[in-house]
$ cat final-v2.txt   # compact mmCIF, N, CA and C atoms
# COMPACT_ATOMS: atom_id res chain seq x y z
N MET I 2 6.98 54.24 11.94
CA MET I 2 7.51 55.27 11.06
C MET I 2 7.95 56.46 11.91
N PRO I 3 9.12 57.01 11.64
CA PRO I 3 9.61 58.14 12.44
C PRO I 3 8.79 59.39 12.19
N PRO I 4 8.79 60.27 13.16
CA PRO I 4 8.07 61.53 12.95
C PRO I 4 8.75 62.35 11.86
N HIS I 5 7.95 63.03 11.07
CA HIS I 5 8.53 63.89 10.04
C HIS I 5 8.75 65.27 10.64
N ARG I 6 9.91 65.82 10.44
CA ARG I 6 10.20 67.16 10.93
C ARG I 6 9.48 68.15 10.03
N ILE I 7 8.73 69.05 10.64
CA ILE I 7 8.02 70.07 9.88
C ILE I 7 8.93 71.29 9.76
N LEU I 8 9.35 71.57 8.55
CA LEU I 8 10.23 72.71 8.31
C LEU I 8 9.47 73.78 7.55
N PRO I 9 9.69 75.04 7.89
CA PRO I 9 9.04 76.13 7.17
C PRO I 9 9.44 76.14 5.69
N PRO I 10 8.88 77.03 4.91
CA PRO I 10 9.16 77.06 3.47
C PRO I 10 10.66 77.10 3.15
N GLU I 11 10.96 76.73 1.92
CA GLU I 11 12.35 76.60 1.49
C GLU I 11 13.09 77.93 1.37
N VAL I 12 12.43 79.04 1.55
CA VAL I 12 13.13 80.32 1.44
C VAL I 12 14.10 80.52 2.60
N ASP I 13 13.92 79.77 3.67
CA ASP I 13 14.80 79.87 4.83
C ASP I 13 15.97 78.91 4.68
N ARG I 14 16.91 79.26 3.79
CA ARG I 14 18.03 78.35 3.49
C ARG I 14 19.37 79.05 3.69
N MET I 15 20.39 78.24 3.96
CA MET I 15 21.77 78.70 4.05
C MET I 15 22.51 77.97 2.94
N TYR I 16 23.20 78.74 2.10
CA TYR I 16 23.90 78.16 0.95
C TYR I 16 25.40 78.17 1.20
N MET I 17 26.06 77.04 0.92
CA MET I 17 27.50 76.91 1.10
C MET I 17 28.09 76.27 -0.15
N GLU I 18 28.93 77.03 -0.86
CA GLU I 18 29.57 76.53 -2.07
C GLU I 18 30.62 75.49 -1.72
N LEU I 19 30.76 74.48 -2.54
CA LEU I 19 31.84 73.52 -2.34
C LEU I 19 33.19 74.16 -2.67
N ASP I 20 33.24 74.89 -3.78
CA ASP I 20 34.48 75.49 -4.25
C ASP I 20 34.22 76.94 -4.66
N SER I 21 34.72 77.86 -3.86
CA SER I 21 34.47 79.28 -4.13
C SER I 21 35.19 79.81 -5.36
N THR I 22 36.13 79.05 -5.91
CA THR I 22 36.87 79.51 -7.08
C THR I 22 36.28 79.00 -8.39
N ASP I 23 35.20 78.21 -8.31
CA ASP I 23 34.61 77.61 -9.50
C ASP I 23 33.19 78.14 -9.67
N ALA I 24 32.92 78.79 -10.79
CA ALA I 24 31.60 79.36 -11.05
C ALA I 24 30.53 78.28 -11.23
N ASP I 25 30.93 77.08 -11.59
CA ASP I 25 29.97 75.98 -11.80
C ASP I 25 29.98 74.98 -10.65
N THR I 26 30.36 75.43 -9.48
CA THR I 26 30.47 74.53 -8.34
C THR I 26 29.10 74.08 -7.85
N LEU I 27 29.10 73.02 -7.09
CA LEU I 27 27.88 72.59 -6.41
C LEU I 27 27.72 73.39 -5.13
N VAL I 28 26.50 73.50 -4.67
CA VAL I 28 26.17 74.27 -3.47
C VAL I 28 25.37 73.38 -2.53
N VAL I 29 25.76 73.39 -1.26
CA VAL I 29 24.98 72.69 -0.24
C VAL I 29 23.93 73.67 0.25
N ALA I 30 22.67 73.29 0.13
CA ALA I 30 21.55 74.13 0.55
C ALA I 30 20.96 73.52 1.82
N TRP I 31 21.27 74.15 2.96
CA TRP I 31 20.76 73.71 4.26
C TRP I 31 19.50 74.49 4.59
N HIS I 32 18.54 73.87 5.17
CA HIS I 32 17.43 74.62 5.75
C HIS I 32 17.96 75.19 7.06
N LYS I 33 17.74 76.48 7.31
CA LYS I 33 18.31 77.13 8.50
C LYS I 33 17.87 76.46 9.78
N ASP I 34 16.63 76.02 9.87
CA ASP I 34 16.16 75.36 11.08
C ASP I 34 16.88 74.03 11.30
N ALA I 35 17.14 73.29 10.23
CA ALA I 35 17.87 72.03 10.35
C ALA I 35 19.29 72.29 10.82
N LEU I 36 19.94 73.28 10.23
CA LEU I 36 21.31 73.60 10.61
C LEU I 36 21.37 74.09 12.06
N GLU I 37 20.43 74.94 12.47
CA GLU I 37 20.40 75.42 13.85
C GLU I 37 20.14 74.28 14.84
N THR I 38 19.29 73.35 14.47
CA THR I 38 19.01 72.21 15.34
C THR I 38 20.25 71.34 15.50
N LEU I 39 20.95 71.09 14.40
CA LEU I 39 22.09 70.17 14.42
C LEU I 39 23.39 70.79 14.90
N VAL I 40 23.43 72.10 15.09
CA VAL I 40 24.66 72.73 15.54
C VAL I 40 25.07 72.18 16.92
N ALA I 41 24.10 71.77 17.72
CA ALA I 41 24.39 71.21 19.03
C ALA I 41 24.76 69.73 18.95
N TYR I 42 24.63 69.15 17.77
CA TYR I 42 24.91 67.72 17.56
C TYR I 42 25.88 67.57 16.39
N PRO I 43 27.16 67.84 16.60
CA PRO I 43 28.10 67.86 15.47
C PRO I 43 28.24 66.54 14.73
N TYR I 44 28.10 65.40 15.42
CA TYR I 44 28.20 64.12 14.72
C TYR I 44 27.03 63.95 13.75
N GLU I 45 25.86 64.37 14.17
CA GLU I 45 24.69 64.24 13.32
C GLU I 45 24.75 65.21 12.14
N ALA I 46 25.22 66.43 12.38
CA ALA I 46 25.38 67.39 11.28
C ALA I 46 26.37 66.85 10.26
N ALA I 47 27.48 66.28 10.75
CA ALA I 47 28.50 65.73 9.86
C ALA I 47 27.94 64.57 9.04
N ALA I 48 27.21 63.68 9.69
CA ALA I 48 26.66 62.53 8.98
C ALA I 48 25.62 62.96 7.95
N LEU I 49 24.77 63.93 8.28
CA LEU I 49 23.77 64.39 7.32
C LEU I 49 24.43 65.04 6.10
N LEU I 50 25.44 65.86 6.34
CA LEU I 50 26.16 66.48 5.22
C LEU I 50 26.86 65.42 4.39
N TRP I 51 27.52 64.47 5.03
CA TRP I 51 28.22 63.40 4.33
C TRP I 51 27.26 62.60 3.45
N LEU I 52 26.08 62.28 4.00
CA LEU I 52 25.09 61.53 3.22
C LEU I 52 24.60 62.34 2.02
N ALA I 53 24.38 63.64 2.22
CA ALA I 53 23.93 64.49 1.11
C ALA I 53 25.00 64.57 0.02
N LEU I 54 26.26 64.71 0.42
CA LEU I 54 27.35 64.75 -0.56
C LEU I 54 27.49 63.41 -1.27
N LYS I 55 27.34 62.33 -0.51
CA LYS I 55 27.44 61.01 -1.11
C LYS I 55 26.30 60.78 -2.10
N GLN I 56 25.10 61.20 -1.74
CA GLN I 56 23.95 61.07 -2.63
C GLN I 56 24.17 61.86 -3.92
N ALA I 57 24.81 63.02 -3.81
CA ALA I 57 25.09 63.85 -4.99
C ALA I 57 26.33 63.36 -5.74
N ASP I 58 26.93 62.28 -5.27
CA ASP I 58 28.10 61.67 -5.90
C ASP I 58 29.31 62.60 -5.91
N VAL I 59 29.42 63.42 -4.86
CA VAL I 59 30.51 64.38 -4.78
C VAL I 59 31.79 63.72 -4.31
N GLN I 60 31.70 62.68 -3.51
CA GLN I 60 32.89 62.13 -2.88
C GLN I 60 33.60 61.07 -3.71
N ARG I 61 33.25 60.95 -4.97
CA ARG I 61 33.95 59.99 -5.83
C ARG I 61 35.31 60.57 -6.25
N PRO I 62 36.29 59.73 -6.51
CA PRO I 62 37.59 60.24 -6.98
C PRO I 62 37.40 61.03 -8.28
N GLY I 63 38.04 62.17 -8.36
CA GLY I 63 37.91 63.01 -9.54
C GLY I 63 36.67 63.87 -9.52
N GLY I 64 35.89 63.77 -8.45
CA GLY I 64 34.69 64.59 -8.32
C GLY I 64 35.06 66.04 -8.01
N PRO I 65 34.07 66.86 -7.82
CA PRO I 65 34.34 68.28 -7.55
C PRO I 65 35.20 68.46 -6.31
N LYS I 66 36.09 69.43 -6.37
CA LYS I 66 36.92 69.70 -5.20
C LYS I 66 36.15 70.58 -4.23
N MET I 67 36.57 70.55 -2.98
CA MET I 67 35.90 71.34 -1.96
C MET I 67 36.96 72.16 -1.23
N ASN I 68 36.78 73.49 -1.20
CA ASN I 68 37.69 74.34 -0.46
C ASN I 68 36.96 75.18 0.59
N ASN I 69 35.73 74.80 0.91
CA ASN I 69 34.92 75.54 1.86
C ASN I 69 35.26 75.09 3.27
N ILE I 70 35.87 75.98 4.05
CA ILE I 70 36.31 75.62 5.41
C ILE I 70 35.11 75.31 6.31
N GLY I 71 33.98 75.98 6.08
CA GLY I 71 32.79 75.71 6.88
C GLY I 71 32.30 74.29 6.69
N LEU I 72 32.25 73.83 5.45
CA LEU I 72 31.83 72.45 5.18
C LEU I 72 32.85 71.46 5.74
N ALA I 73 34.14 71.79 5.61
CA ALA I 73 35.18 70.91 6.15
C ALA I 73 35.05 70.79 7.67
N LEU I 74 34.74 71.90 8.34
CA LEU I 74 34.58 71.85 9.80
C LEU I 74 33.36 71.02 10.19
N ILE I 75 32.28 71.13 9.42
CA ILE I 75 31.10 70.32 9.72
C ILE I 75 31.41 68.84 9.55
N LEU I 76 32.19 68.49 8.53
CA LEU I 76 32.52 67.08 8.26
C LEU I 76 33.58 66.50 9.20
N MET I 77 34.36 67.35 9.86
CA MET I 77 35.49 66.89 10.66
C MET I 77 35.15 65.83 11.71
N PRO I 78 34.04 65.90 12.42
CA PRO I 78 33.77 64.86 13.43
C PRO I 78 33.73 63.44 12.88
N LEU I 79 33.46 63.28 11.60
CA LEU I 79 33.43 61.93 11.03
C LEU I 79 34.78 61.24 11.11
N ASP I 80 35.86 62.03 11.16
CA ASP I 80 37.20 61.46 11.27
C ASP I 80 37.41 60.74 12.60
N PHE I 81 36.55 61.01 13.59
CA PHE I 81 36.73 60.47 14.93
C PHE I 81 35.70 59.39 15.27
N LEU I 82 34.86 59.03 14.33
CA LEU I 82 33.81 58.04 14.58
C LEU I 82 34.14 56.70 13.94
N THR I 83 33.77 55.64 14.63
CA THR I 83 33.87 54.30 14.05
C THR I 83 32.67 54.07 13.13
N ASP I 84 32.70 53.01 12.36
CA ASP I 84 31.57 52.69 11.49
C ASP I 84 30.29 52.48 12.30
N GLY I 85 30.41 51.82 13.44
CA GLY I 85 29.25 51.60 14.29
C GLY I 85 28.67 52.90 14.82
N GLU I 86 29.54 53.83 15.17
CA GLU I 86 29.07 55.13 15.67
C GLU I 86 28.39 55.93 14.55
N VAL I 87 28.89 55.80 13.33
CA VAL I 87 28.25 56.48 12.20
C VAL I 87 26.85 55.90 11.99
N ARG I 88 26.72 54.57 12.06
CA ARG I 88 25.40 53.94 11.91
C ARG I 88 24.45 54.41 13.01
N GLU I 89 24.97 54.52 14.23
CA GLU I 89 24.15 55.01 15.34
C GLU I 89 23.72 56.46 15.10
N THR I 90 24.62 57.26 14.56
CA THR I 90 24.30 58.66 14.25
C THR I 90 23.21 58.73 13.18
N VAL I 91 23.28 57.85 12.20
CA VAL I 91 22.25 57.79 11.16
C VAL I 91 20.90 57.42 11.79
N GLU I 92 20.92 56.52 12.74
CA GLU I 92 19.68 56.15 13.43
C GLU I 92 19.11 57.35 14.19
N ARG I 93 19.97 58.15 14.82
CA ARG I 93 19.49 59.35 15.53
C ARG I 93 18.90 60.36 14.54
N LEU I 94 19.53 60.52 13.38
CA LEU I 94 18.98 61.42 12.36
C LEU I 94 17.62 60.93 11.87
N THR I 95 17.47 59.62 11.76
CA THR I 95 16.19 59.04 11.36
C THR I 95 15.14 59.31 12.43
N ALA I 96 15.51 59.14 13.69
CA ALA I 96 14.57 59.40 14.79
C ALA I 96 14.18 60.88 14.85
N ARG I 97 15.08 61.77 14.47
CA ARG I 97 14.79 63.21 14.47
C ARG I 97 13.96 63.64 13.25
N GLY I 98 13.81 62.77 12.27
CA GLY I 98 12.99 63.08 11.11
C GLY I 98 13.75 63.67 9.93
N PHE I 99 15.08 63.70 9.98
CA PHE I 99 15.86 64.23 8.86
C PHE I 99 16.09 63.16 7.79
N LEU I 100 16.01 61.90 8.18
CA LEU I 100 16.19 60.78 7.26
C LEU I 100 15.01 59.84 7.41
N GLU I 101 14.83 59.02 6.38
CA GLU I 101 13.81 57.98 6.43
C GLU I 101 14.43 56.72 5.86
N ARG I 102 14.19 55.60 6.48
CA ARG I 102 14.73 54.33 5.99
C ARG I 102 14.13 53.97 4.65
N ALA I 103 14.97 53.72 3.66
CA ALA I 103 14.51 53.25 2.35
C ALA I 103 14.50 51.71 2.34
N ASP I 104 15.53 51.12 2.91
CA ASP I 104 15.60 49.68 3.14
C ASP I 104 16.68 49.46 4.20
N LYS I 105 17.10 48.24 4.37
CA LYS I 105 18.04 47.92 5.45
C LYS I 105 19.35 48.71 5.36
N ASP I 106 19.84 48.93 4.15
CA ASP I 106 21.15 49.55 3.98
C ASP I 106 21.12 50.95 3.39
N SER I 107 19.96 51.55 3.24
CA SER I 107 19.93 52.89 2.65
C SER I 107 18.86 53.75 3.31
N VAL I 108 19.07 55.05 3.16
CA VAL I 108 18.15 56.02 3.74
C VAL I 108 17.76 57.05 2.69
N TYR I 109 16.63 57.69 2.93
CA TYR I 109 16.15 58.77 2.09
C TYR I 109 16.37 60.07 2.87
N ILE I 110 17.04 61.04 2.26
CA ILE I 110 17.33 62.32 2.91
C ILE I 110 16.19 63.28 2.61
N ASP I 111 15.69 63.95 3.64
CA ASP I 111 14.66 64.96 3.44
C ASP I 111 15.28 66.11 2.64
N PRO I 112 14.86 66.33 1.39
CA PRO I 112 15.49 67.37 0.56
C PRO I 112 15.20 68.78 1.05
N ILE I 113 14.21 68.94 1.91
CA ILE I 113 13.99 70.27 2.47
C ILE I 113 15.05 70.57 3.52
N ALA I 114 15.49 69.56 4.26
CA ALA I 114 16.51 69.76 5.29
C ALA I 114 17.87 70.09 4.69
N ILE I 115 18.29 69.32 3.69
CA ILE I 115 19.59 69.53 3.05
C ILE I 115 19.56 68.92 1.66
N ARG I 116 20.20 69.58 0.73
CA ARG I 116 20.39 69.01 -0.60
C ARG I 116 21.59 69.69 -1.26
N VAL I 117 22.13 69.02 -2.23
CA VAL I 117 23.26 69.55 -3.00
C VAL I 117 22.73 69.89 -4.38
N ILE I 118 22.93 71.14 -4.79
CA ILE I 118 22.39 71.62 -6.07
C ILE I 118 23.50 72.25 -6.90
N ASP I 119 23.24 72.39 -8.19
CA ASP I 119 24.16 73.14 -9.05
C ASP I 119 24.00 74.62 -8.75
N ARG I 120 25.09 75.33 -8.76
CA ARG I 120 25.05 76.77 -8.48
C ARG I 120 24.13 77.50 -9.45
N ARG I 121 24.08 77.04 -10.68
CA ARG I 121 23.27 77.71 -11.69
C ARG I 121 21.77 77.54 -11.46
N GLU I 122 21.36 76.66 -10.53
CA GLU I 122 19.95 76.51 -10.18
C GLU I 122 19.45 77.65 -9.30
N LEU I 123 20.37 78.43 -8.73
CA LEU I 123 19.98 79.54 -7.87
C LEU I 123 19.52 80.71 -8.73
N PRO I 124 18.57 81.52 -8.23
CA PRO I 124 18.09 82.67 -9.01
C PRO I 124 19.21 83.65 -9.34
N ALA I 125 19.14 84.23 -10.52
CA ALA I 125 20.19 85.15 -11.00
C ALA I 125 20.39 86.33 -10.05
N GLN I 126 19.32 86.92 -9.56
CA GLN I 126 19.44 88.07 -8.65
C GLN I 126 20.15 87.65 -7.35
N PHE I 127 19.80 86.47 -6.85
CA PHE I 127 20.46 85.97 -5.65
C PHE I 127 21.96 85.80 -5.89
N LEU I 128 22.32 85.22 -7.03
CA LEU I 128 23.74 85.02 -7.35
C LEU I 128 24.48 86.35 -7.47
N MET I 129 23.85 87.35 -8.08
CA MET I 129 24.50 88.67 -8.19
C MET I 129 24.71 89.27 -6.81
N ASP I 130 23.71 89.20 -5.95
CA ASP I 130 23.85 89.73 -4.59
C ASP I 130 24.90 88.96 -3.80
N TRP I 131 24.92 87.64 -3.97
CA TRP I 131 25.88 86.79 -3.26
C TRP I 131 27.30 87.12 -3.72
N ASN I 132 27.51 87.23 -5.02
CA ASN I 132 28.84 87.56 -5.54
C ASN I 132 29.29 88.94 -5.09
N ALA I 133 28.36 89.91 -5.05
CA ALA I 133 28.70 91.26 -4.59
C ALA I 133 29.09 91.24 -3.11
N ALA I 134 28.37 90.48 -2.32
CA ALA I 134 28.69 90.38 -0.89
C ALA I 134 30.05 89.72 -0.68
N LYS I 135 30.37 88.69 -1.47
CA LYS I 135 31.68 88.04 -1.35
C LYS I 135 32.80 88.99 -1.78
N ALA I 136 32.55 89.77 -2.83
CA ALA I 136 33.58 90.68 -3.34
C ALA I 136 33.85 91.83 -2.36
N SER I 137 32.84 92.24 -1.60
CA SER I 137 33.02 93.35 -0.68
C SER I 137 33.42 92.91 0.72
N ALA I 138 33.48 91.61 0.96
CA ALA I 138 33.85 91.12 2.29
C ALA I 138 35.34 91.40 2.55
N PRO I 139 35.67 91.79 3.78
CA PRO I 139 37.09 92.04 4.08
C PRO I 139 37.90 90.75 4.04
N ILE I 140 39.10 90.85 3.54
CA ILE I 140 40.00 89.70 3.47
C ILE I 140 40.91 89.78 4.68
N PRO I 141 40.92 88.72 5.52
CA PRO I 141 41.78 88.75 6.71
C PRO I 141 43.24 88.97 6.34
N GLY I 142 43.89 89.84 7.07
CA GLY I 142 45.31 90.13 6.85
C GLY I 142 45.58 91.24 5.86
N ARG I 143 44.55 91.73 5.18
CA ARG I 143 44.72 92.83 4.24
C ARG I 143 44.06 94.09 4.79
N GLN I 144 44.68 95.20 4.56
CA GLN I 144 44.13 96.50 5.03
C GLN I 144 43.51 97.24 3.90
$ encode --input "final-v2.txt" --output "structure tokens"
Amino acid sequence: MPPHRILPPEVDRMYMELDSTDADTLVVAWHKDALETLVAYPYEAAALLWLALKQADVQRPGGPKMNNIGLALILMPLDFLTDGEVRETVERLTARGFLERADKDSVYIDPIAIRVIDRRELPAQFLMDWNAAKASAPIPGRQ
């Protein structure tokens, strides 16, 4: 059995909306330690995000759209991997403790490391602060 990664409490999370123009969008909730660990391993970060989105059934035709450039950049390395390399990446994620084998063809994703949630599951105060921060952020190219 692979070692389980010990992650601090869930309050240490980074939230990334799939679609910033949709109030009911899904949100990718990364544990900051998981994201910091995987930043040096872009193939593994891409595979973990892809698996989380697939588990949430986001990648089906007609599913929610995604306009988040950060998520797109994380997923980009998958465009350069063969199926065998993706399987190898999944094995590395399993060895690191982010995934656990459910059976020969499926894995269990550690929900503390990453999960996809409905935006409305976030606390109201957090959403108000997040929306205020987005509204006050400078827009590139505008003075």
$ residues_around --input "final-v2.txt" --residues "region 37-48 of chain I" --least-positions-apart "5" --cutoff "7 Å" --atoms "all atoms listed in the file" --output "PyMOL selection string"
chain I and resi 32+53+75-79+90-91+94
$ write_last_selection --input "final-v2.txt" --atoms "N, CA and C atoms" --output "CSV table (one decimal), keeping the file's coordinate frame"
chain,number,residue,atom,x,y,z
I,32,HIS,N,18.5,73.9,5.2
I,32,HIS,CA,17.4,74.6,5.8
I,32,HIS,C,18.0,75.2,7.1
I,53,ALA,N,24.4,63.6,2.2
I,53,ALA,CA,23.9,64.5,1.1
I,53,ALA,C,25.0,64.6,0.0
I,75,ILE,N,32.3,71.1,9.4
I,75,ILE,CA,31.1,70.3,9.7
I,75,ILE,C,31.4,68.8,9.6
I,76,LEU,N,32.2,68.5,8.5
I,76,LEU,CA,32.5,67.1,8.3
I,76,LEU,C,33.6,66.5,9.2
I,77,MET,N,34.4,67.4,9.9
I,77,MET,CA,35.5,66.9,10.7
I,77,MET,C,35.2,65.8,11.7
I,78,PRO,N,34.0,65.9,12.4
I,78,PRO,CA,33.8,64.9,13.4
I,78,PRO,C,33.7,63.4,12.9
I,79,LEU,N,33.5,63.3,11.6
I,79,LEU,CA,33.4,61.9,11.0
I,79,LEU,C,34.8,61.2,11.1
I,90,THR,N,24.6,57.3,14.6
I,90,THR,CA,24.3,58.7,14.2
I,90,THR,C,23.2,58.7,13.2
I,91,VAL,N,23.3,57.8,12.2
I,91,VAL,CA,22.2,57.8,11.2
I,91,VAL,C,20.9,57.4,11.8
I,94,LEU,N,19.5,60.5,13.4
I,94,LEU,CA,19.0,61.4,12.4
I,94,LEU,C,17.6,60.9,11.9
$ select_by_dssp --input "final-v2.txt" --residues "region 66-141 of chain I" --states "strand (DSSP E or B)" --output "PDB file with N, CA and C atoms, keeping the file's coordinate frame"
ATOM      1  N   LEU I 100      16.010  61.900   8.180  1.00  0.00           N
ATOM      2  CA  LEU I 100      16.190  60.780   7.260  1.00  0.00           C
ATOM      3  C   LEU I 100      15.010  59.840   7.410  1.00  0.00           C
ATOM      4  N   GLU I 101      14.830  59.020   6.380  1.00  0.00           N
ATOM      5  CA  GLU I 101      13.810  57.980   6.430  1.00  0.00           C
ATOM      6  C   GLU I 101      14.430  56.720   5.860  1.00  0.00           C
ATOM      7  N   ARG I 102      14.190  55.600   6.480  1.00  0.00           N
ATOM      8  CA  ARG I 102      14.730  54.330   5.990  1.00  0.00           C
ATOM      9  C   ARG I 102      14.130  53.970   4.650  1.00  0.00           C
ATOM     10  N   ALA I 103      14.970  53.720   3.660  1.00  0.00           N
ATOM     11  CA  ALA I 103      14.510  53.250   2.350  1.00  0.00           C
ATOM     12  C   ALA I 103      14.500  51.710   2.340  1.00  0.00           C
ATOM     13  N   ASP I 104      15.530  51.120   2.910  1.00  0.00           N
ATOM     14  CA  ASP I 104      15.600  49.680   3.140  1.00  0.00           C
ATOM     15  C   ASP I 104      16.680  49.460   4.200  1.00  0.00           C
ATOM     16  N   SER I 107      19.960  51.550   3.240  1.00  0.00           N
ATOM     17  CA  SER I 107      19.930  52.890   2.650  1.00  0.00           C
ATOM     18  C   SER I 107      18.860  53.750   3.310  1.00  0.00           C
ATOM     19  N   VAL I 108      19.070  55.050   3.160  1.00  0.00           N
ATOM     20  CA  VAL I 108      18.150  56.020   3.740  1.00  0.00           C
ATOM     21  C   VAL I 108      17.760  57.050   2.690  1.00  0.00           C
ATOM     22  N   TYR I 109      16.630  57.690   2.930  1.00  0.00           N
ATOM     23  CA  TYR I 109      16.150  58.770   2.090  1.00  0.00           C
ATOM     24  C   TYR I 109      16.370  60.070   2.870  1.00  0.00           C
ATOM     25  N   ILE I 110      17.040  61.040   2.260  1.00  0.00           N
ATOM     26  CA  ILE I 110      17.330  62.320   2.910  1.00  0.00           C
ATOM     27  C   ILE I 110      16.190  63.280   2.610  1.00  0.00           C
ATOM     28  N   ILE I 115      18.290  69.320   3.690  1.00  0.00           N
ATOM     29  CA  ILE I 115      19.590  69.530   3.050  1.00  0.00           C
ATOM     30  C   ILE I 115      19.560  68.920   1.660  1.00  0.00           C
ATOM     31  N   ARG I 116      20.200  69.580   0.730  1.00  0.00           N
ATOM     32  CA  ARG I 116      20.390  69.010  -0.600  1.00  0.00           C
ATOM     33  C   ARG I 116      21.590  69.690  -1.260  1.00  0.00           C
ATOM     34  N   VAL I 117      22.130  69.020  -2.230  1.00  0.00           N
ATOM     35  CA  VAL I 117      23.260  69.550  -3.000  1.00  0.00           C
ATOM     36  C   VAL I 117      22.730  69.890  -4.380  1.00  0.00           C
ATOM     37  N   ILE I 118      22.930  71.140  -4.790  1.00  0.00           N
ATOM     38  CA  ILE I 118      22.390  71.620  -6.070  1.00  0.00           C
ATOM     39  C   ILE I 118      23.500  72.250  -6.900  1.00  0.00           C
ATOM     40  N   ASP I 119      23.240  72.390  -8.190  1.00  0.00           N
ATOM     41  CA  ASP I 119      24.160  73.140  -9.050  1.00  0.00           C
ATOM     42  C   ASP I 119      24.000  74.620  -8.750  1.00  0.00           C
TER      43      ASP I 119
END
$ atom_distance --input "final-v2.txt" --atom1 "atom C of Ala114 (chain I)" --atom2 "atom C of Ala133 (chain I)"
25.2 Å
$ atom_distance --input "final-v2.txt" --atom1 "atom N of Asp25 (chain I)" --atom2 "atom C of Ile110 (chain I)"
24.7 Å
$ residues_around --input "final-v2.txt" --residues "region 115-117 of chain I" --least-positions-apart "3" --cutoff "8 Å" --atoms "all atoms listed in the file" --output "VMD selection string"
chain I and resid 27 to 32 35 to 36 49 to 50 53 to 54 56 to 57 99 110 to 112 120
$ atom_distance --input "final-v2.txt" --atom1 "CA of Asn69 (chain I)" --atom2 "CA of Thr22 (chain I)"
10.0 Å
